[in-house]
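All remarks here apply to the structure that follows.
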Amino acid sequence: MAAQQTSDSVILFGANEPDERGRVLNAGSLSVEFHRGLLRYVRRGDRELMRAVAFIVRDEVWGTYETEVAALKIDEAPNAFRIRYEGRCAEGAVIYQADITGAENELVFAARVIVARDFRTNRTGFVILHPLDGCAGCPVEVEYVDGRKELAEFPSRINPYQPFFSVRAVKHEFAPGAFVTARLEGDAFEMEDQRNWSDASFKTYVRPIGLPWPYELKAGQQLEQRVSLIIEGRPRTEARTARADKTEVALGGVAGKMPQIGVEIPAAEGVASRSNLALLRALGPGVIVGEAQRQLGHGRSEIALYREIADACRASLTLEASISGTEDPQQEANRLAEECAAAGAEIHSLTLWAAADIKGVLPGSAWPQQPPLEAIRWAALAAFPRARIGGGAHGFFTELNRRRPLAHFVDYISFTTTPIVHAADDRSVMETLETLPAIFASAAAIAGGKPWRVGPSGIGTRDNPYGAGPTPNPRNRRVCMAEADPRHRGLFGAAWTVGYLAAAAASGAEAVILGAATGPRGAIHRRLAHSLPWFDEGPGRLIYPLFHVISAAASASDAELLTARSSASGRIAALGWLDGKAVRLLVANLTPESRHVGLQGVPLAGATCRTLNADAFGAATAGPDWTKEPAPPLPRSNLELSPYAVAFVTACAS
């Protein structure tokens, strides 16, 4: 088969470079994973008490430098370990000596920094990540730099700004009767709710964001910082099941409606998308989202392409547009309406921003001058009286949360997410699925009863609200804030998309826009400026695995959604709905290990199952006909899912 002509890494991750895992070190019941200079998954027994501790260096546009680790020395004894290394960042501009010691009840990470040359940075120093489990909505004791202590709570609903400032220590209960105190020394620290960016953590970090940035470190300057984790109490050991890799998925009753499913046509992809109309029709999106940034010159020609594509797909057309914001917004909106009329485009939904709102505004920064949100909304309503008028954020949920639209002025709200803002390794990306219920609940609260939609979202980043644009990725690697993420093209991307859809549907999304039709975030392959392993190497390699996930969900728009509960939501995701007299179910393995999945509530008589896995990769990427082949019978009530596989189950409704 075609799939056998490429490596497992390309099939799973779209790249020949597998994800790296660190070395696990133990000190009695304390364990930690050490990888490229940072500590991850600090655990006491099987209970996680800290997600990560890292010394990081960021540039002037919030990019994080990779740490070059040299002179590494690791000593490990039964009840203690010690790690020493030299970290070099920013081509040697910042050099630090790290000394990490671990014992049964204490973990210390100390860094002594020497600045080799003048260097401008937005952040240089420690960050620690608190996991959501045991933290979100739970009590916390905060000690401030002035010695005060406060009993408070980690935010339950996502906090748009920092919940705690001037922090010296943070103490929380990570298991019944077991506590961890994180003490931070050497600079001023504060905390932010990283769920804003879909990270599965709260982050306590060095240097308050309200201070001027970027700031300059001078050659010869020396810094010392230290993080100590002090553990009190011992969690109970939880009994392990005989089949730790076995998960149950229980299908239940009707829980609402499936969302409309759509894709974006970025202005730069209009021609390529039109040239793939047959595949786009097979994808079946119910919503086409077109981009019209007037300050970039987008106008009639781009809108005409969106209209043609929407008509061919029998989809509604949403226009996400921006005006300069330096003129009268009504005049600018009228000109946009004239361009749409000249293109023959019937706009079903319109979200209109001032150009300044395309980018984010970080805390402590001045808001740019622009028309009031209500003035832009009224201009859109007057110019497009037949369209639904939306509000929200062109960027991430963060921007929606920090500049909330006046819900009574809009018909719906929208925003996007990406899982690679702060970390781009495989586990961090899958962990972002944990945050989606909180993001969507917070979005629904902001909407105040109005409908909400999410996207265009995918693993790749649509735009960087904090810089000029997404991070270039010519080497096809796992890179933060990149538009072209290789995993989008592999089975990993299909599994992640199932998890994303399941969370959005269960949370009541009106519509979910999944990436783009073509291009770096597309479901349909086209050649890019850099080579794409396997897909560029021969004919008949037309679509990516997630095409089939999007197509299946798109065919179910407005169908009755069924509850589909996974006993291990971080490992197995499931999405179910009624299709006439049939039950349809998508089940995705979110892990790099094979999983056994038991199905409950699925009628077995005549049930079939088609599995998108490594064996099916060649046929599945050759075109949409893979789903038209007869599917084999469902094997009893069990699924065997290889890494990142997706099962498409069809059964007769009882």
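Following the order of the structure tokens, chains are lettered A, B, ..., residues in each are numbered from 1, and ligands are numbered from 1.
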
Subject >> Residue list (strand (DSSP E), DSSP) for stretch 314-486 of chain A, as a VMD selection string >> reply: chain A and resid 316 to 323 349 to 354 388 to 396 412 to 416 452 to 457

Just write the chosen residues, N, CA and C atoms, as an mmCIF file, in the first residue's frame.
data_model
loop_
_atom_site.group_PDB
_atom_site.id
_atom_site.type_symbol
_atom_site.label_atom_id
_atom_site.label_comp_id
_atom_site.auth_asym_id
_atom_site.auth_seq_id
_atom_site.Cartn_x
_atom_site.Cartn_y
_atom_site.Cartn_z
ATOM 1 N N SER A 316 -23.635 28.417 3.417
ATOM 2 C CA SER A 316 -23.829 29.829 3.719
ATOM 3 C C SER A 316 -22.466 30.510 3.751
ATOM 4 N N LEU A 317 -22.451 31.802 3.467
ATOM 5 C CA LEU A 317 -21.198 32.553 3.391
ATOM 6 C C LEU A 317 -21.098 33.506 4.574
ATOM 7 N N THR A 318 -20.048 33.333 5.349
ATOM 8 C CA THR A 318 -19.706 34.257 6.425
ATOM 9 C C THR A 318 -18.515 35.080 5.976
ATOM 10 N N LEU A 319 -18.579 36.374 6.200
ATOM 11 C CA LEU A 319 -17.459 37.248 5.874
ATOM 12 C C LEU A 319 -16.867 37.789 7.165
ATOM 13 N N GLU A 320 -15.586 37.523 7.370
ATOM 14 C CA GLU A 320 -14.863 38.119 8.489
ATOM 15 C C GLU A 320 -14.024 39.245 7.916
ATOM 16 N N ALA A 321 -14.401 40.477 8.232
ATOM 17 C CA ALA A 321 -13.839 41.637 7.554
ATOM 18 C C ALA A 321 -13.312 42.645 8.552
ATOM 19 N N SER A 322 -12.389 43.459 8.081
ATOM 20 C CA SER A 322 -11.871 44.551 8.907
ATOM 21 C C SER A 322 -11.821 45.816 8.070
ATOM 22 N N ILE A 323 -12.065 46.932 8.742
ATOM 23 C CA ILE A 323 -11.961 48.249 8.129
ATOM 24 C C ILE A 323 -10.800 48.979 8.781
ATOM 25 N N SER A 349 -23.644 35.919 7.252
ATOM 26 C CA SER A 349 -23.159 36.394 8.551
ATOM 27 C C SER A 349 -21.932 37.257 8.325
ATOM 28 N N LEU A 350 -21.822 38.315 9.115
ATOM 29 C CA LEU A 350 -20.701 39.249 8.968
ATOM 30 C C LEU A 350 -20.144 39.584 10.338
ATOM 31 N N THR A 351 -18.832 39.412 10.483
ATOM 32 C CA THR A 351 -18.128 39.920 11.657
ATOM 33 C C THR A 351 -17.184 41.006 11.176
ATOM 34 N N LEU A 352 -17.309 42.197 11.753
ATOM 35 C CA LEU A 352 -16.559 43.357 11.293
ATOM 36 C C LEU A 352 -15.740 43.919 12.440
ATOM 37 N N TRP A 353 -14.443 44.124 12.168
ATOM 38 C CA TRP A 353 -13.548 44.706 13.162
ATOM 39 C C TRP A 353 -12.884 45.945 12.585
ATOM 40 N N ALA A 354 -12.396 46.798 13.462
ATOM 41 C CA ALA A 354 -11.395 47.774 13.056
ATOM 42 C C ALA A 354 -10.065 47.047 12.922
ATOM 43 N N ARG A 388 -26.675 38.419 9.513
ATOM 44 C CA ARG A 388 -26.463 38.335 10.965
ATOM 45 C C ARG A 388 -25.131 39.009 11.255
ATOM 46 N N ILE A 389 -25.109 39.821 12.284
ATOM 47 C CA ILE A 389 -23.912 40.585 12.614
ATOM 48 C C ILE A 389 -23.275 39.993 13.869
ATOM 49 N N GLY A 390 -22.010 39.625 13.734
ATOM 50 C CA GLY A 390 -21.296 39.002 14.844
ATOM 51 C C GLY A 390 -20.326 39.948 15.510
ATOM 52 N N GLY A 391 -19.820 39.516 16.632
ATOM 53 C CA GLY A 391 -18.781 40.240 17.352
ATOM 54 C C GLY A 391 -17.854 39.243 18.003
ATOM 55 N N GLY A 392 -16.784 39.734 18.579
ATOM 56 C CA GLY A 392 -15.844 38.833 19.233
ATOM 57 C C GLY A 392 -14.420 39.141 18.854
ATOM 58 N N ALA A 393 -13.635 38.089 18.605
ATOM 59 C CA ALA A 393 -12.198 38.261 18.397
ATOM 60 C C ALA A 393 -11.754 37.571 17.119
ATOM 61 N N HIS A 394 -10.965 38.277 16.329
ATOM 62 C CA HIS A 394 -10.285 37.647 15.198
ATOM 63 C C HIS A 394 -9.217 36.698 15.710
ATOM 64 N N GLY A 395 -8.668 37.013 16.881
ATOM 65 C CA GLY A 395 -7.612 36.206 17.477
ATOM 66 C C GLY A 395 -8.166 35.152 18.416
ATOM 67 N N PHE A 396 -7.433 34.898 19.470
ATOM 68 C CA PHE A 396 -7.740 33.796 20.370
ATOM 69 C C PHE A 396 -8.854 34.155 21.349
ATOM 70 N N TYR A 412 -24.310 37.031 17.310
ATOM 71 C CA TYR A 412 -23.520 35.892 17.760
ATOM 72 C C TYR A 412 -22.119 36.405 18.085
ATOM 73 N N ILE A 413 -21.340 35.597 18.808
ATOM 74 C CA ILE A 413 -19.938 35.926 19.033
ATOM 75 C C ILE A 413 -19.069 34.808 18.460
ATOM 76 N N SER A 414 -17.826 35.151 18.140
ATOM 77 C CA SER A 414 -16.899 34.169 17.585
ATOM 78 C C SER A 414 -15.486 34.455 18.079
ATOM 79 N N PHE A 415 -14.652 33.445 17.995
ATOM 80 C CA PHE A 415 -13.249 33.539 18.400
ATOM 81 C C PHE A 415 -12.542 32.310 17.862
ATOM 82 N N THR A 416 -11.229 32.274 17.996
ATOM 83 C CA THR A 416 -10.462 31.113 17.547
ATOM 84 C C THR A 416 -9.599 30.598 18.698
ATOM 85 N N TRP A 452 -22.884 31.235 19.902
ATOM 86 C CA TRP A 452 -21.443 31.447 19.754
ATOM 87 C C TRP A 452 -20.881 30.397 18.804
ATOM 88 N N ARG A 453 -19.828 30.790 18.132
ATOM 89 C CA ARG A 453 -19.148 29.883 17.215
ATOM 90 C C ARG A 453 -17.653 29.990 17.434
ATOM 91 N N VAL A 454 -16.934 28.972 17.049
ATOM 92 C CA VAL A 454 -15.490 28.956 17.258
ATOM 93 C C VAL A 454 -14.799 28.620 15.945
ATOM 94 N N GLY A 455 -13.684 29.309 15.704
ATOM 95 C CA GLY A 455 -12.885 29.056 14.522
ATOM 96 C C GLY A 455 -12.838 30.279 13.621
ATOM 97 N N PRO A 456 -11.984 30.187 12.595
ATOM 98 C CA PRO A 456 -11.247 29.015 12.106
ATOM 99 C C PRO A 456 -10.146 28.568 13.069
ATOM 100 N N SER A 457 -10.265 27.324 13.526
ATOM 101 C CA SER A 457 -9.323 26.777 14.491
ATOM 102 C C SER A 457 -8.748 25.465 13.976
#

Please report as JSON lines every residue of stretch 362-463 of chain A lying within 12 Å of stretch 46-62 of chain A, along with the nearest atom pair and their distance in Å (one decimal), using only C-alpha atoms.
{"residue": "A:Leu362", "atom": "CA", "partner": "A:Trp62", "partner_atom": "CA", "distance": 11.2}
{"residue": "A:Val421", "atom": "CA", "partner": "A:Trp62", "partner_atom": "CA", "distance": 9.9}
{"residue": "A:His422", "atom": "CA", "partner": "A:Trp62", "partner_atom": "CA", "distance": 9.5}
{"residue": "A:Ala423", "atom": "CA", "partner": "A:Ala52", "partner_atom": "CA", "distance": 11.3}
{"residue": "A:Arg427", "atom": "CA", "partner": "A:Arg51", "partner_atom": "CA", "distance": 11.5}
{"residue": "A:Ser428", "atom": "CA", "partner": "A:Arg51", "partner_atom": "CA", "distance": 10.2}
{"residue": "A:Glu431", "atom": "CA", "partner": "A:Arg51", "partner_atom": "CA", "distance": 11.0}

With N, CA and C atoms retained, could you export that selection as a PDB file, in the first residue's frame?
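Output saved as part-v5.pdb:
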ATOM      1  N   LEU A 362      -1.803  43.492  25.023  1.00  0.00           N
ATOM      2  CA  LEU A 362      -1.400  42.851  26.266  1.00  0.00           C
ATOM      3  C   LEU A 362      -1.649  43.765  27.455  1.00  0.00           C
ATOM      4  N   VAL A 421       0.428  27.859  21.272  1.00  0.00           N
ATOM      5  CA  VAL A 421       0.877  29.208  21.637  1.00  0.00           C
ATOM      6  C   VAL A 421       2.146  29.140  22.473  1.00  0.00           C
ATOM      7  N   HIS A 422       2.144  28.347  23.537  1.00  0.00           N
ATOM      8  CA  HIS A 422       3.264  28.325  24.477  1.00  0.00           C
ATOM      9  C   HIS A 422       4.100  27.052  24.411  1.00  0.00           C
ATOM     10  N   ALA A 423       3.551  25.979  23.882  1.00  0.00           N
ATOM     11  CA  ALA A 423       4.288  24.714  23.776  1.00  0.00           C
ATOM     12  C   ALA A 423       3.789  23.985  22.541  1.00  0.00           C
ATOM     13  N   ARG A 427       2.296  16.008  23.580  1.00  0.00           N
ATOM     14  CA  ARG A 427       1.461  15.899  24.778  1.00  0.00           C
ATOM     15  C   ARG A 427       0.801  17.224  25.131  1.00  0.00           C
ATOM     16  N   SER A 428       1.544  18.319  25.012  1.00  0.00           N
ATOM     17  CA  SER A 428       0.955  19.621  25.315  1.00  0.00           C
ATOM     18  C   SER A 428      -0.202  19.936  24.375  1.00  0.00           C
ATOM     19  N   GLU A 431      -3.152  17.912  25.407  1.00  0.00           N
ATOM     20  CA  GLU A 431      -3.644  18.384  26.708  1.00  0.00           C
ATOM     21  C   GLU A 431      -4.525  19.615  26.578  1.00  0.00           C
TER      22      GLU A 431
END

Residues near A:Leu229, anyone? I mean within 9 Å using only C-alpha atoms, not counting same-chain ones fewer than 2 positions away, as a short mmCIF file (atom, residue, chain, number, x, y, z; two decimals) with C-alpha atoms, in the first residue's frame.
data_model
loop_
_atom_site.label_atom_id
_atom_site.label_comp_id
_atom_site.auth_asym_id
_atom_site.auth_seq_id
_atom_site.Cartn_x
_atom_site.Cartn_y
_atom_site.Cartn_z
CA MET A 50 3.15 20.49 39.08
CA ASN A 105 9.71 16.02 49.93
CA GLU A 106 11.51 18.81 48.10
CA LEU A 107 12.52 19.76 44.58
CA VAL A 108 14.79 22.77 43.99
CA PHE A 109 15.66 24.34 40.62
CA VAL A 180 2.71 21.43 47.60
CA THR A 181 4.16 24.90 48.11
CA ALA A 182 5.94 26.55 45.20
CA ARG A 183 8.32 29.23 46.48
CA VAL A 227 12.15 27.70 42.56
CA ILE A 231 5.68 18.71 49.67
#

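If you look at atom CA of A:Lys73 and atom CA of A:Gly92, they are 20.0 Å away from each other.
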
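Counting from atom CA of A:Ala98, the distance to atom CA of A:Arg82 is 10.4 Å.
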
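Here the question is which of A:Pro451, A:Gly297, A:Pro533, A:Pro470 gets nearest to A:Pro486 using only C-alpha atoms, and that residue is A:Pro533.
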
**OP:** Find the spatial neighbours of A:Ala523, counting only C-alpha atoms, within a cut-off of 12 Å - ignore same-chain residues fewer than 4 positions away - and output them as number ranges by chain.
**Re:** A: 262-265, 273, 276, 279-280, 282-285, 458, 460, 488-490, 493-494, 497, 513-519, 541-551, 621, 623-624

Original post:
Which polymer residues have any atom within 7 Å of an atom of A:Thr67, counting only C-alpha atoms, with same-chain residues fewer than 4 positions away left out, as a PyMOL selection string?
Top reply: chain A and resi 36-37+87-89

File of the preceding selection, C-alpha atoms, as a tab-separated table (two decimals), in the first residue's frame:
chain	number	residue	atom	x	y	z
A	36	ARG	CA	16.01	19.82	27.22
A	37	GLY	CA	16.60	21.72	30.40
A	87	GLY	CA	21.92	26.41	29.35
A	88	ARG	CA	22.56	28.70	26.38
A	89	CYS	CA	19.79	30.75	24.78

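Closest approach to A:Thr204 among A:Arg168, A:Val429, A:Gly220, A:Val42 is made by A:Arg168 (distances from only C-alpha atoms).
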
Original post:
Out of stretch 440-651 of chain A, which residues get helix (DSSP H, G or I) from DSSP, as a ChimeraX atom specification?
Top reply: /A:440-447,486-489,491-506,535-537,546-554,617-621,624-628

Residues as selected, C-alpha atoms, written as a compact mmCIF listing (two decimals), in the first residue's frame, can you do that?
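out_27.txt written:
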# COMPACT_ATOMS: atom_id res chain seq x y z
CA PHE A 440 -16.55 27.23 25.75
CA ALA A 441 -18.43 27.73 29.03
CA SER A 442 -16.70 31.08 29.50
CA ALA A 443 -17.50 32.05 25.90
CA ALA A 444 -21.16 31.15 26.40
CA ALA A 445 -21.24 33.33 29.51
CA ILE A 446 -19.73 36.24 27.56
CA ALA A 447 -22.34 35.69 24.82
CA PRO A 486 3.12 18.95 10.33
CA ARG A 487 0.75 17.03 12.64
CA HIS A 488 -2.18 18.62 10.85
CA ARG A 489 -1.41 16.26 7.94
CA LEU A 491 -3.35 10.78 11.96
CA PHE A 492 -2.53 12.97 14.97
CA GLY A 493 -4.42 15.85 13.33
CA ALA A 494 -7.48 13.71 12.65
CA ALA A 495 -7.62 12.44 16.25
CA TRP A 496 -7.14 15.93 17.68
CA THR A 497 -9.96 17.22 15.46
CA VAL A 498 -12.35 14.59 16.83
CA GLY A 499 -11.50 15.73 20.35
CA TYR A 500 -12.03 19.37 19.39
CA LEU A 501 -15.37 18.68 17.71
CA ALA A 502 -16.60 16.57 20.61
CA ALA A 503 -15.88 19.35 23.11
CA ALA A 504 -17.46 22.07 20.97
CA ALA A 505 -20.58 20.05 20.18
CA ALA A 506 -21.14 19.07 23.82
CA PHE A 535 2.29 14.18 -0.01
CA ASP A 536 4.56 16.05 -2.43
CA GLU A 537 6.29 12.89 -3.59
CA LEU A 546 -8.74 14.98 9.00
CA PHE A 547 -10.68 15.53 5.74
CA HIS A 548 -12.76 12.47 6.62
CA VAL A 549 -13.43 13.65 10.17
CA ILE A 550 -14.57 17.08 8.95
CA SER A 551 -16.68 15.50 6.19
CA ALA A 552 -18.43 13.13 8.60
CA ALA A 553 -19.23 15.94 11.03
CA ALA A 554 -20.30 18.28 8.23
CA PHE A 617 -3.49 5.97 5.39
CA GLY A 618 -2.68 5.48 1.70
CA ALA A 619 -6.27 4.83 0.62
CA ALA A 620 -7.70 7.52 2.92
CA THR A 621 -5.42 10.24 1.56
CA PRO A 624 -12.94 11.01 -0.46
CA ASP A 625 -13.92 7.62 -1.94
CA TRP A 626 -12.32 5.82 1.01
CA THR A 627 -15.54 6.35 2.97
CA LYS A 628 -17.66 4.84 0.18

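Contact shell of A:Pro633 at 10 Å (only C-alpha atoms; same-chain neighbours under 3 positions omitted): A:Leu604, A:Ala605, A:Gly606, A:Ala607, A:Thr608, A:Cys609, A:Arg610, A:Pro630, A:Arg636, A:Val649, A:Thr650, A:Ala651.
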
Output for the residues just chosen: C-alpha atoms as a CSV table (one decimal), in the first residue's frame:
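To be explicit, this is the file written out as out-v3.csv:
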chain,number,residue,atom,x,y,z
A,604,LEU,CA,-24.5,-4.2,17.7
A,605,ALA,CA,-26.8,-5.9,15.2
A,606,GLY,CA,-25.6,-4.9,11.7
A,607,ALA,CA,-23.1,-2.4,13.1
A,608,THR,CA,-20.0,-1.6,11.0
A,609,CYS,CA,-16.7,0.1,11.7
A,610,ARG,CA,-14.2,1.7,9.4
A,630,PRO,CA,-18.1,-1.2,2.4
A,636,ARG,CA,-18.4,-7.3,19.1
A,649,VAL,CA,-18.9,3.4,13.6
A,650,THR,CA,-22.4,3.1,12.1
A,651,ALA,CA,-25.2,1.2,13.8

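Among A:Pro437, A:Gly177, A:Pro208, A:Pro266, the residue with the shortest atom-to-atom distance to A:Ile158, counting only C-alpha atoms, is A:Pro437.
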
Original post:
Hey, what's within 8 Å of A:Val479 if we count only C-alpha atoms and toss same-chain stuff fewer than 5 positions away? As a PyMOL selection string, please?
Top reply: chain A and resi 420+423-424+471+473+485

Could you take the residues named above and write them with C-alpha atoms, as an mmCIF file, in the first residue's frame?
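Saved the output as selection.cif:
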data_model
loop_
_atom_site.group_PDB
_atom_site.id
_atom_site.type_symbol
_atom_site.label_atom_id
_atom_site.label_comp_id
_atom_site.auth_asym_id
_atom_site.auth_seq_id
_atom_site.Cartn_x
_atom_site.Cartn_y
_atom_site.Cartn_z
ATOM 1 C CA ILE A 420 0.596 25.759 20.049
ATOM 2 C CA ALA A 423 4.288 24.714 23.776
ATOM 3 C CA ALA A 424 4.321 22.592 20.639
ATOM 4 C CA THR A 471 6.104 31.670 12.934
ATOM 5 C CA ASN A 473 8.320 26.641 9.729
ATOM 6 C CA ASP A 485 2.150 22.382 11.685
#

Original post:
Counting only C-alpha atoms, which of A:Ile128, A:Ala111, A:Ala188, A:Val271 gets nearest to A:Gln225?
Top reply: A:Ala111

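Nearest residue to A:Pro18 among A:Phe409, A:Arg44, A:Asp328, A:Asn476 is A:Asn476, counting only C-alpha atoms.
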